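Trainee: The structure that follows is given in the form of structure tokens.
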Amino acid sequence: MPKTFADKIKLSTYKHVSIRHQPDTIESLPFDQASDSTKTNDLILSFCLSTDMMATEIKTIADEKLLSSRGYLYLVYPKLKNKLGLPGIHRDVLFPALHVDADSGAVADTGLKFSRMVSFDDNYTAVGLTWLASNPRRADNPSGRVATYEDRLSELKQLINADNDAHQAFDTLTPGYQRSWARYVFSPKTSVTQQAHLQQMITLLKEDYASVELWHQGKKRH
């Protein structure tokens, strides 16, 4: 008999569980919801329909310290070929969209990191996040927060300067999309992959896509 999601995550090991944004399409879950969503929980299960929603959830849970020091946060999102008619999220867009460090798995400056990916059911996939070992339940330190890859933007602009159409398209993007492209291009370890990402970026900008994620969703800017 195939393992259920509860089996895969060893649900019985968690005492305090919180469910966030449970969709109507999922009528029941194999565990009770925590009644107090503001207390610290061992397990948080959050249903997200977009990477923007994922980013918001991660920030909220990190800022409000809703997850215990050894707890797990699972972001549950629609598969590409789900049967619910929901826009699916491609796994390849998660790291660039959420500003994940390719080496450590750290999500921007939140103190959380990507740890595992498991199937939730036929329609959803879940990605698990935990606190970084070196920074459990981060202390508030606004002065230490910097925009990820912002210092590489000028370098990126120089790389695409030769292609006027791509350069103009990049200049019209919001700072968030620009930083996302910088991470997409510069985060790979090898120069070969960086160059491949750069060429893909130039192509997608000229095709009027603001990000890799929107390209996967087929959503152009105009």
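Ordering of the structure tokens sets the chain letters (A, B, ...); residue numbers start at 1 within each chain; ligands are numbered from 1 in the order shown.
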As a PyMOL selection string, please: all residues of region 51-196 of chain A that backbone DSSP puts in strand (DSSP E or B).
Mentor: chain A and resi 67-78+100+106-107+112-119+124-131
Trainee: Could those residues be written to a file, using C-alpha atoms, as an mmCIF file, in the first residue's frame?
Mentor:
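Contents of the output file result.cif:
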```cif
data_model
loop_
_atom_site.group_PDB
_atom_site.id
_atom_site.type_symbol
_atom_site.label_atom_id
_atom_site.label_comp_id
_atom_site.auth_asym_id
_atom_site.auth_seq_id
_atom_site.Cartn_x
_atom_site.Cartn_y
_atom_site.Cartn_z
ATOM 1 C CA LEU A 67 7.473 27.555 13.980
ATOM 2 C CA SER A 68 9.305 25.779 16.798
ATOM 3 C CA SER A 69 13.094 25.507 16.668
ATOM 4 C CA ARG A 70 12.942 21.949 15.300
ATOM 5 C CA GLY A 71 9.620 22.265 13.525
ATOM 6 C CA TYR A 72 8.686 21.780 9.880
ATOM 7 C CA LEU A 73 6.833 24.129 7.560
ATOM 8 C CA TYR A 74 5.260 22.458 4.527
ATOM 9 C CA LEU A 75 4.129 24.640 1.640
ATOM 10 C CA VAL A 76 1.549 22.701 -0.361
ATOM 11 C CA TYR A 77 1.106 23.858 -3.959
ATOM 12 C CA PRO A 78 -0.757 22.634 -7.090
ATOM 13 C CA VAL A 100 16.722 30.395 -2.464
ATOM 14 C CA ALA A 106 18.400 29.206 2.569
ATOM 15 C CA VAL A 107 15.381 31.329 1.667
ATOM 16 C CA LEU A 112 14.507 29.133 6.935
ATOM 17 C CA LYS A 113 15.842 26.670 4.377
ATOM 18 C CA PHE A 114 14.429 24.176 1.874
ATOM 19 C CA SER A 115 14.810 20.646 3.203
ATOM 20 C CA ARG A 116 12.663 18.161 1.279
ATOM 21 C CA MET A 117 9.924 17.692 -1.310
ATOM 22 C CA VAL A 118 7.144 15.108 -1.074
ATOM 23 C CA SER A 119 3.903 14.386 -2.895
ATOM 24 C CA TYR A 124 -0.614 18.827 -4.740
ATOM 25 C CA THR A 125 3.099 18.696 -3.938
ATOM 26 C CA ALA A 126 4.592 19.763 -0.610
ATOM 27 C CA VAL A 127 7.984 21.325 0.044
ATOM 28 C CA GLY A 128 9.337 21.200 3.570
ATOM 29 C CA LEU A 129 11.302 23.980 5.249
ATOM 30 C CA THR A 130 13.165 24.026 8.553
ATOM 31 C CA TRP A 131 15.231 26.569 10.426
#
```
Trainee: Would you please give, as a PyMOL selection string, all residues of region 31-204 of chain A that DSSP assigns to alpha helix (DSSP H) based on the backbone?
Mentor: chain A and resi 51-63+94-98+153-160+164-171+175-186+191-204
Trainee: Work out how far CA of Trp181 (chain A) is from CA of Phe95 (chain A), in Å to one decimal.
Mentor: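 For CA of Phe95 (chain A) relative to CA of Trp181 (chain A), the distance reads 11.3 Å.
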Trainee: Mind pulling up the distance from CA of Thr40 (chain A) to CA of Asp121 (chain A)?
Mentor: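 Interatomic distance, CA of Asp121 (chain A) to CA of Thr40 (chain A): 26.5 Å.
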Trainee: With only C-alpha atoms as the atoms that count, which of A:Val17, A:Leu29, A:Val185, A:Ala102 lies nearest to Thr4 (chain A)?
Mentor: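 When distances to Thr4 (chain A) are compared using only C-alpha atoms, the smallest one comes from A:Leu29.
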